[in-house]
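K.L.:
This is coords28.csv, which holds CSV, C-alpha atoms:
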```
chain,number,residue,atom,x,y,z
O,1,MET,CA,-20.4,24.7,-7.8
O,2,SER,CA,-16.8,24.2,-6.9
O,3,ASP,CA,-14.2,25.1,-9.5
O,4,LYS,CA,-11.8,22.6,-8.0
O,5,GLN,CA,-10.9,19.5,-9.9
O,6,LEU,CA,-12.5,16.4,-8.4
O,7,VAL,CA,-10.5,13.3,-7.6
O,8,ILE,CA,-12.3,10.1,-6.8
O,9,VAL,CA,-10.4,8.0,-4.2
O,10,THR,CA,-11.6,4.4,-3.9
O,11,GLY,CA,-11.2,2.6,-0.6
O,12,ALA,CA,-11.1,5.9,1.2
O,13,SER,CA,-10.8,4.4,4.7
O,14,GLY,CA,-7.5,2.7,3.8
O,15,PHE,CA,-4.2,3.6,5.4
O,16,ILE,CA,-2.6,5.0,2.2
O,17,ALA,CA,-5.8,6.4,0.9
O,18,LEU,CA,-6.3,8.6,4.0
O,19,HIS,CA,-2.9,10.1,3.5
O,20,ALA,CA,-3.5,10.6,-0.2
O,21,ILE,CA,-6.8,12.4,0.6
O,22,THR,CA,-5.1,14.7,3.1
O,23,GLN,CA,-2.4,15.6,0.5
O,24,LEU,CA,-5.0,16.1,-2.3
O,25,LEU,CA,-7.1,18.4,-0.2
O,26,ALA,CA,-4.0,20.4,0.9
O,27,ALA,CA,-3.1,20.7,-2.8
O,28,GLY,CA,-6.4,22.3,-3.7
O,29,PHE,CA,-8.3,19.4,-5.2
O,30,ALA,CA,-11.9,18.3,-4.2
O,31,VAL,CA,-12.1,14.7,-3.1
O,32,ARG,CA,-14.9,12.1,-3.2
O,33,GLY,CA,-14.0,8.9,-1.4
O,34,THR,CA,-15.7,5.6,-2.0
O,35,LEU,CA,-16.6,3.4,0.9
O,36,ARG,CA,-18.4,0.0,1.1
O,37,ASP,CA,-20.4,1.5,4.0
O,38,THR,CA,-20.8,5.2,4.3
O,39,SER,CA,-21.7,4.9,8.0
O,40,ARG,CA,-18.0,5.3,8.5
O,41,ALA,CA,-17.9,8.7,6.7
O,42,GLU,CA,-18.4,10.8,9.8
O,43,ASP,CA,-15.6,9.2,11.8
O,44,LEU,CA,-13.3,9.4,8.8
O,45,SER,CA,-14.1,13.1,8.4
O,46,VAL,CA,-13.4,13.8,12.0
O,47,ALA,CA,-10.0,12.0,11.7
O,48,LEU,CA,-9.1,13.8,8.5
O,49,SER,CA,-10.1,17.2,9.9
O,50,ARG,CA,-7.3,17.0,12.4
O,51,HIS,CA,-4.9,17.1,9.5
O,52,CYS,CA,-6.5,19.3,6.8
O,53,ASP,CA,-9.4,21.4,5.7
O,54,ILE,CA,-12.2,18.9,4.7
O,55,SER,CA,-14.7,21.4,3.2
O,56,ALA,CA,-14.0,19.9,-0.3
O,57,LEU,CA,-14.4,16.3,0.9
O,58,SER,CA,-17.4,14.0,0.3
O,59,PHE,CA,-18.1,10.3,0.2
O,60,ALA,CA,-20.0,7.9,-2.0
O,61,GLU,CA,-21.0,4.3,-1.4
O,62,ALA,CA,-19.5,1.7,-3.7
O,63,ASP,CA,-18.4,-1.9,-3.2
O,64,LEU,CA,-15.6,-3.7,-5.2
O,65,LEU,CA,-17.9,-6.7,-5.6
O,66,ASP,CA,-21.0,-4.9,-6.7
O,67,ASP,CA,-21.8,-2.8,-9.8
O,68,ALA,CA,-24.1,-0.5,-7.9
O,69,GLY,CA,-23.0,3.0,-7.1
O,70,TRP,CA,-19.9,3.2,-9.3
O,71,ASP,CA,-21.4,5.4,-12.1
O,72,GLU,CA,-22.9,7.8,-9.5
O,73,ALA,CA,-19.5,8.0,-7.7
O,74,MET,CA,-17.7,9.1,-10.8
O,75,VAL,CA,-20.0,12.0,-11.8
O,76,GLY,CA,-18.1,15.2,-12.3
O,77,ALA,CA,-14.7,13.6,-11.7
O,78,THR,CA,-11.4,14.6,-13.5
O,79,TYR,CA,-9.2,12.0,-11.9
O,80,LEU,CA,-9.4,8.6,-10.2
O,81,LEU,CA,-7.0,7.2,-7.6
O,82,HIS,CA,-8.0,3.5,-7.5
O,83,MET,CA,-6.6,2.5,-4.1
O,84,ALA,CA,-9.1,-0.1,-2.8
O,85,SER,CA,-7.8,-3.6,-2.6
O,86,PRO,CA,-7.7,-6.3,0.1
O,87,LEU,CA,-4.5,-6.6,2.2
O,88,PRO,CA,-4.7,-9.6,4.5
O,89,ILE,CA,-2.8,-10.2,7.7
O,90,ALA,CA,-2.8,-13.9,7.2
O,91,THR,CA,-2.8,-15.9,4.0
O,92,PRO,CA,-6.4,-16.9,3.0
O,93,ARG,CA,-7.4,-20.5,2.4
O,94,ASP,CA,-8.8,-19.7,-1.0
O,95,GLU,CA,-6.7,-17.4,-3.1
O,96,ASN,CA,-9.8,-16.2,-4.9
O,97,ASP,CA,-10.8,-14.4,-1.8
O,98,LEU,CA,-8.1,-11.9,-2.7
O,99,ILE,CA,-7.9,-12.3,-6.5
O,100,VAL,CA,-11.6,-11.7,-7.3
O,101,PRO,CA,-12.1,-8.4,-5.4
O,102,ALA,CA,-8.7,-7.1,-6.4
O,103,ARG,CA,-9.1,-7.8,-10.1
O,104,ASP,CA,-12.9,-7.3,-10.6
O,105,GLY,CA,-13.0,-4.3,-8.3
O,106,ALA,CA,-10.2,-2.6,-10.2
O,107,LEU,CA,-12.1,-3.1,-13.5
O,108,ARG,CA,-15.4,-1.9,-12.0
O,109,ALA,CA,-13.8,1.4,-10.8
O,110,ILE,CA,-11.8,1.9,-14.0
O,111,ARG,CA,-14.7,1.2,-16.4
O,112,ALA,CA,-16.9,3.6,-14.5
O,113,ALA,CA,-14.2,6.2,-14.6
O,114,ALA,CA,-13.6,5.8,-18.3
O,115,LYS,CA,-17.3,6.0,-18.9
O,116,ALA,CA,-17.5,9.2,-16.9
O,117,GLY,CA,-14.7,10.9,-19.0
O,118,VAL,CA,-12.0,10.8,-16.3
O,119,THR,CA,-8.8,12.0,-17.9
O,120,ARG,CA,-6.2,10.2,-15.8
O,121,ILE,CA,-6.2,7.2,-13.5
O,122,VAL,CA,-3.6,6.3,-10.9
O,123,MET,CA,-3.8,2.8,-9.5
O,124,THR,CA,-2.2,1.5,-6.3
O,125,SER,CA,-0.4,-1.8,-7.1
O,126,SER,CA,2.5,-3.2,-5.2
O,127,ILE,CA,6.0,-4.6,-5.6
O,128,ALA,CA,4.2,-7.9,-5.1
O,129,ALA,CA,3.2,-7.5,-8.8
O,130,ILE,CA,6.9,-7.4,-9.7
O,131,TYR,CA,8.9,-9.8,-7.4
O,132,GLY,CA,7.0,-13.0,-7.6
O,133,GLY,CA,9.2,-15.8,-9.1
O,134,GLN,CA,12.1,-13.4,-9.8
O,135,ASP,CA,15.8,-14.0,-9.3
O,136,LYS,CA,17.0,-12.3,-6.0
O,137,ASN,CA,20.4,-11.7,-7.6
O,138,ILE,CA,19.2,-9.0,-10.0
O,139,PHE,CA,17.9,-5.5,-9.5
O,140,LEU,CA,14.2,-5.4,-10.4
O,141,ASP,CA,12.7,-2.5,-12.3
O,142,GLU,CA,9.2,-1.7,-13.6
O,143,ASN,CA,9.7,-3.9,-16.6
O,144,TYR,CA,9.3,-7.0,-14.4
O,145,TRP,CA,6.0,-8.8,-13.6
O,146,SER,CA,5.4,-11.5,-11.1
O,147,ASP,CA,5.0,-14.9,-12.7
O,148,VAL,CA,1.5,-16.1,-11.7
O,149,THR,CA,2.2,-19.5,-13.2
O,150,GLN,CA,4.5,-20.2,-10.2
O,151,SER,CA,3.5,-20.7,-6.6
O,152,ILE,CA,4.1,-17.1,-5.5
O,153,GLY,CA,1.3,-16.7,-3.0
O,154,ALA,CA,-2.3,-15.4,-3.0
O,155,TYR,CA,-1.4,-11.7,-2.4
O,156,PRO,CA,1.3,-11.3,-5.1
O,157,LYS,CA,-1.0,-13.2,-7.5
O,158,SER,CA,-3.9,-10.9,-6.7
O,159,LYS,CA,-1.9,-7.7,-7.2
O,160,THR,CA,-0.4,-8.9,-10.4
O,161,MET,CA,-3.6,-10.1,-12.0
O,162,ALA,CA,-5.4,-6.9,-10.9
O,163,GLU,CA,-2.8,-4.6,-12.3
O,164,GLN,CA,-2.4,-6.6,-15.5
O,165,ALA,CA,-6.2,-6.6,-16.0
O,166,ALA,CA,-6.3,-2.8,-15.6
O,167,TRP,CA,-3.5,-2.2,-18.1
O,168,GLU,CA,-5.2,-4.6,-20.6
O,169,TYR,CA,-8.5,-2.8,-20.2
O,170,ILE,CA,-7.0,0.6,-20.7
O,171,ARG,CA,-5.2,-0.6,-23.9
O,172,SER,CA,-8.4,-2.0,-25.2
O,173,LEU,CA,-10.1,1.5,-25.3
O,174,ASP,CA,-10.0,3.7,-28.4
O,175,ASP,CA,-8.0,6.9,-28.3
O,176,LYS,CA,-11.0,9.1,-27.8
O,177,THR,CA,-12.2,7.4,-24.6
O,178,ARG,CA,-8.9,6.1,-23.1
O,179,PRO,CA,-7.8,7.8,-19.9
O,180,GLU,CA,-4.2,8.3,-19.1
O,181,PHE,CA,-3.0,5.5,-16.8
O,182,VAL,CA,-0.3,5.2,-14.1
O,183,SER,CA,0.4,2.5,-11.5
O,184,ILE,CA,2.3,3.0,-8.2
O,185,ASN,CA,4.1,-0.1,-6.9
O,186,PRO,CA,5.1,0.5,-3.3
O,187,GLY,CA,7.0,-1.8,-1.0
O,188,PHE,CA,6.1,-2.5,2.6
O,189,VAL,CA,4.4,0.6,3.9
O,190,LEU,CA,5.0,2.0,7.4
O,191,GLY,CA,4.2,5.5,8.8
O,192,PRO,CA,1.7,7.2,11.1
O,193,LEU,CA,-2.0,6.5,11.1
O,194,ILE,CA,-4.7,9.1,10.4
O,195,ALA,CA,-7.5,7.0,11.8
O,196,ALA,CA,-7.2,4.4,14.6
O,197,LYS,CA,-7.4,1.4,12.4
O,198,THR,CA,-4.2,-0.5,11.5
O,199,SER,CA,-3.3,-2.1,8.2
O,200,ALA,CA,-1.5,-5.5,7.8
O,201,SER,CA,1.7,-3.6,7.3
O,202,HIS,CA,1.6,-2.2,10.8
O,203,GLU,CA,1.6,-5.6,12.3
O,204,VAL,CA,5.4,-5.8,12.1
O,205,VAL,CA,5.9,-2.8,14.3
O,206,ARG,CA,2.9,-3.5,16.5
O,207,ARG,CA,3.8,-7.1,17.3
O,208,LEU,CA,7.4,-6.1,18.1
O,209,ILE,CA,6.2,-3.4,20.6
O,210,ALA,CA,3.5,-5.7,22.1
O,211,ARG,CA,6.1,-8.5,22.3
O,212,GLU,CA,3.8,-10.9,20.4
O,213,VAL,CA,6.7,-12.5,18.5
O,214,PRO,CA,9.1,-15.1,20.1
O,215,GLY,CA,12.1,-13.4,18.6
O,216,ILE,CA,13.7,-12.0,15.4
O,217,PRO,CA,13.7,-14.2,12.3
O,218,ASP,CA,16.2,-13.5,9.5
O,219,ILE,CA,13.8,-11.5,7.2
O,220,GLY,CA,14.0,-8.2,5.5
O,221,PHE,CA,11.6,-5.6,4.3
O,222,ASN,CA,11.8,-3.2,1.4
O,223,LEU,CA,10.2,-0.3,3.2
O,224,VAL,CA,8.6,3.0,2.3
O,225,ASP,CA,6.7,5.6,4.3
O,226,VAL,CA,3.0,6.1,3.7
O,227,ARG,CA,3.4,9.8,3.2
O,228,ASP,CA,5.8,9.2,0.4
O,229,VAL,CA,3.5,6.6,-1.3
O,230,ALA,CA,0.6,9.2,-1.1
O,231,SER,CA,2.8,11.9,-2.6
O,232,ALA,CA,3.8,9.6,-5.5
O,233,HIS,CA,0.1,9.2,-6.2
O,234,VAL,CA,-0.6,12.9,-6.1
O,235,GLU,CA,2.4,13.7,-8.3
O,236,ALA,CA,1.4,11.0,-10.8
O,237,LEU,CA,-1.9,12.8,-11.2
O,238,ARG,CA,-0.1,16.1,-12.1
O,239,ARG,CA,3.2,15.3,-13.9
O,240,ASP,CA,3.4,15.1,-17.6
O,241,ALA,CA,6.0,12.3,-17.5
O,242,ALA,CA,3.7,9.9,-15.5
O,243,PRO,CA,1.2,8.4,-18.0
O,244,LYS,CA,1.9,4.9,-19.3
O,245,ASN,CA,4.3,4.2,-16.5
O,246,ARG,CA,4.7,2.0,-13.5
O,247,TYR,CA,6.6,3.4,-10.5
O,248,ILE,CA,8.4,1.3,-7.8
O,249,CYS,CA,8.3,3.2,-4.5
O,250,ILE,CA,10.9,1.9,-2.0
O,251,THR,CA,13.0,3.9,0.3
O,252,GLU,CA,15.3,1.3,2.0
O,253,LEU,CA,15.8,-2.4,2.7
O,254,LEU,CA,16.0,-3.1,6.4
O,255,SER,CA,16.1,-6.4,8.4
O,256,LEU,CA,13.6,-7.1,11.1
O,257,ARG,CA,16.5,-6.9,13.5
O,258,GLN,CA,17.4,-3.4,12.4
O,259,ILE,CA,13.8,-2.4,12.9
O,260,ALA,CA,13.7,-3.9,16.4
O,261,GLU,CA,16.9,-2.2,17.4
O,262,GLN,CA,15.6,1.2,16.3
O,263,LEU,CA,12.4,0.6,18.3
O,264,GLN,CA,14.4,-0.4,21.4
O,265,ILE,CA,16.5,2.7,21.2
O,266,HIS,CA,13.4,4.9,20.8
O,267,LEU,CA,11.0,3.2,23.2
O,268,GLY,CA,13.3,1.5,25.7
O,269,PRO,CA,13.6,4.7,27.9
O,270,ARG,CA,9.8,4.7,28.0
O,271,GLY,CA,9.6,1.2,29.5
O,272,TYR,CA,9.0,-0.9,26.4
O,273,LYS,CA,11.1,-4.0,25.9
O,274,ILE,CA,11.4,-4.9,22.2
O,275,PRO,CA,12.3,-8.6,21.4
O,276,THR,CA,15.8,-8.9,20.0
O,277,ARG,CA,16.7,-12.6,20.4
O,278,HIS,CA,17.4,-14.3,17.1
O,279,VAL,CA,15.1,-17.2,16.0
O,280,PRO,CA,16.5,-19.8,13.6
O,281,ASP,CA,14.9,-20.2,10.2
O,282,TRP,CA,13.9,-23.8,10.9
O,283,VAL,CA,11.9,-22.7,14.0
O,284,ILE,CA,9.9,-20.2,12.0
O,285,ARG,CA,9.1,-22.7,9.2
O,286,LEU,CA,8.0,-25.3,11.8
O,287,ILE,CA,5.8,-22.9,13.7
O,288,ALA,CA,4.3,-21.6,10.4
O,289,ILE,CA,2.9,-25.0,9.8
O,290,PHE,CA,0.6,-24.7,12.8
O,291,ASN,CA,0.3,-20.9,12.9
O,292,PRO,CA,-1.0,-19.4,9.6
O,293,SER,CA,-0.1,-15.9,10.7
O,294,LEU,CA,3.6,-16.8,10.5
O,295,LYS,CA,3.4,-18.2,7.0
O,296,VAL,CA,4.1,-14.7,5.5
O,297,ALA,CA,7.2,-14.5,7.7
O,298,ALA,CA,8.4,-17.9,6.6
O,299,GLU,CA,8.0,-16.9,3.0
O,300,ARG,CA,10.3,-13.9,3.6
O,301,LEU,CA,13.2,-15.9,5.1
O,302,GLY,CA,16.6,-15.4,3.5
O,303,PRO,CA,17.8,-12.7,1.0
O,304,SER,CA,15.4,-10.0,-0.1
O,305,HIS,CA,14.7,-8.8,-3.6
O,306,ARG,CA,16.5,-5.5,-4.7
O,307,TYR,CA,15.0,-2.7,-6.8
O,308,ASP,CA,15.9,0.1,-9.0
O,309,THR,CA,13.9,3.2,-7.9
O,310,SER,CA,15.6,5.8,-10.2
O,311,HIS,CA,12.4,6.0,-12.3
O,312,VAL,CA,10.1,7.4,-9.6
O,313,ARG,CA,12.9,9.7,-8.3
O,314,SER,CA,13.4,11.3,-11.7
O,315,ASP,CA,9.9,11.5,-13.1
O,316,LEU,CA,8.1,12.4,-10.0
O,317,ASP,CA,10.9,14.3,-8.2
O,318,TRP,CA,10.4,11.8,-5.3
O,319,ARG,CA,12.5,12.5,-2.2
O,320,PRO,CA,11.4,10.0,0.5
O,321,ILE,CA,11.5,10.3,4.3
O,322,PRO,CA,14.3,8.3,5.9
O,323,MET,CA,12.9,5.0,7.2
O,324,HIS,CA,14.5,5.6,10.6
O,325,GLN,CA,12.1,8.5,11.1
O,326,SER,CA,9.2,6.5,9.6
O,327,ILE,CA,9.7,3.6,12.0
O,328,LEU,CA,9.7,6.0,15.0
O,329,ASP,CA,6.6,7.8,13.7
O,330,THR,CA,4.8,4.5,13.2
O,331,ALA,CA,5.5,3.5,16.8
O,332,ASP,CA,4.5,6.8,18.3
O,333,SER,CA,1.3,6.8,16.3
O,334,LEU,CA,0.3,3.3,17.5
O,335,ILE,CA,0.9,4.4,21.1
O,336,ASP,CA,-0.8,7.8,20.7
O,337,LEU,CA,-3.9,6.2,19.2
O,338,LYS,CA,-3.9,3.6,22.0
O,339,ILE,CA,-3.6,0.7,19.6
O,340,ILE,CA,-0.7,-0.3,21.8
O,341,ASP,CA,-1.1,0.3,25.6
O,342,PRO,CA,1.3,2.9,27.0
O,343,GLN,CA,3.8,1.7,29.5
```
Translate this file's structure into structure tokens.
P.N.:
Amino acid sequence: MSDKQLVIVTGASGFIALHAITQLLAAGFAVRGTLRDTSRAEDLSVALSRHCDISALSFAEADLLDDAGWDEAMVGATYLLHMASPLPIATPRDENDLIVPARDGALRAIRAAAKAGVTRIVMTSSIAAIYGGQDKNIFLDENYWSDVTQSIGAYPKSKTMAEQAAWEYIRSLDDKTRPEFVSINPGFVLGPLIAAKTSASHEVVRRLIAREVPGIPDIGFNLVDVRDVASAHVEALRRDAAPKNRYICITELLSLRQIAEQLQIHLGPRGYKIPTRHVPDWVIRLIAIFNPSLKVAAERLGPSHRYDTSHVRSDLDWRPIPMHQSILDTADSLIDLKIIDPQ
């Protein structure tokens, strides 16, 4: 029997989750990852083995939309990282396709963890649970919540409702059974892949390199590297200051033009031609009517929200990777894993 503390990581095949698993194993924890289908476990193990010792890694089958398997997955656990949640590339027709699995899945995992005696839970949320409906002229901190009574979009609504439901459930427990609880609220996540499966956040870089965009709209992204998001989760498990807090994880605000320029400098000598031509706002809004994949871009047009990240830096001693390096690492990873064809 291992004397290592066991961390359950839900949605273990996810982009951020795989980095969190790598860091947890390197830090001396045992990890049990949950998957909707454990047939993927072998491939994930092989991918993770290239980055760390996986002798303390195991998997369990559990689905966000099904009660089966969750109690068994939590047996022997000290901690839970609840990271499983849908992240769409395009806006769904029915917002409940995102809201239901995000909210109900969070509650399934957290209830099972509390029942099993888990002592601390860290949940992956998003700045989408903060910025919806907020004034872009103010700096947002962790005291803000997205206003789900406004038309803020399915994804922000799902992240807000899931995180609020989790906090409400934790507060409903009595002192003897209540785990400590923390939420991590990252911005737009870039960085290298561990397994050859992209997330929706990679589409910005992938489409630029693959020249699948007509040009550069006037949009910005509050960016953070996946390795820094993972480290925030790991530190939130260990630090005394973390419980009862939310933490915004953002490194830098960059425009799409700035991202494209950095990619062109990095990849131009290798034969890649990154689009740099400006596309007016009205063109993006018009195309988005007929192309749902551009609806998210249309929603980002104009000024971006701004955030106070002093909390995560002080409590978790968070020192993020510069986004210039993260963008280049993202591009190299997409090419190395043959997600984008080499030139």
K.L.:
Check the smallest atom-to-atom distance from each of O:Ala84, O:Leu6, O:Leu254, O:Ala166 to Leu57 (chain O) using only C-alpha atoms, then report the winner.
P.N.:
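Comparing O:Ala84, O:Leu6, O:Leu254, O:Ala166 against Leu57 (chain O), the winner is O:Leu6.
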K.L.:
Work out how far CA of Ala17 (chain O) is from CA of Thr34 (chain O), in Å to one decimal.
P.N.:
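The value is 10.3 Å.
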K.L.:
Could you please determine the separation between CA of Ala62 (chain O) and CA of Val100 (chain O) in Å, to one decimal place?
P.N.:
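CA of Val100 (chain O) lies 16.0 Å from CA of Ala62 (chain O).
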K.L.:
Between O:Pro214, O:Pro156, O:Pro186, O:Gly14, which is the closest to Gln134 (chain O) once you count all atoms listed in the file?
P.N.:
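Of all the options, O:Pro156 lies closest to Gln134 (chain O).
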K.L.:
From the list O:Asp141, O:Gly132, O:Ala113, O:Ile209, which residue is nearest Lys273 (chain O) when using all atoms listed in the file?
P.N.:
O:Ile209
K.L.:
Could you check how far CA of Leu173 (chain O) sits from CA of Glu61 (chain O), in Å to one decimal?
P.N.:
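Between CA of Leu173 (chain O) and CA of Glu61 (chain O) the gap works out to 26.4 Å.
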K.L.:
Write out as a PyMOL selection string the residues lying within 12 Å of Ala30 (chain O), counting all atoms listed in the file and excluding same-chain residues fewer than 3 positions away.
P.N.:
chain O and resi 1-9+21-27+33+53-59+76-80
K.L.:
Pick from O:Gly271, O:His233, O:Arg277, O:Asp240: nearest to Trp318 (chain O), with all atoms listed in the file counted?
P.N.:
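When distances to Trp318 (chain O) are compared using all atoms listed in the file, the smallest one comes from O:His233.
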K.L.:
Go through O:Met323, O:Leu190, O:Leu18, O:Leu237 and flag the residue nearest Gln262 (chain O), using only C-alpha atoms for the distances.
P.N.:
O:Met323
K.L.:
Out of O:Ala154, O:Ile130, O:Met74, O:Leu193, which residue has the shortest atom-to-atom distance to Lys338 (chain O) when counting all atoms listed in the file?
P.N.:
O:Leu193
K.L.:
Applying 12 Å and all atoms listed in the file, which residues near Leu263 (chain O) remain after dropping the ones on its own chain fewer than 5 positions away? List them as a ChimeraX atom specification.
P.N.:
/O:204-211,256-258,268-276,323-332
K.L.:
Can you tell me which residues surround Thr251 (chain O) at a distance of at most 12 Å, considering all atoms listed in the file, apart from same-chain residues fewer than 6 positions away, and format the answer as JSON, numbers by chain?
P.N.:
{"O": [186, 187, 188, 189, 190, 221, 222, 223, 224, 225, 226, 227, 228, 229, 306, 307, 308, 309, 310, 312, 313, 318, 319, 320, 321, 322, 323, 324, 325, 326]}
K.L.:
Which residues come within 10 Å of Phe15 (chain O), counting all atoms listed in the file, excluding same-chain residues fewer than 6 positions away, as a PyMOL selection string?
P.N.:
chain O and resi 83+189-202+226+230
K.L.:
Write out as a PyMOL selection string the residues lying within 9 Å of Thr177 (chain O), counting all atoms listed in the file and excluding same-chain residues fewer than 2 positions away.
P.N.:
chain O and resi 114-115+117-119+173-175+179
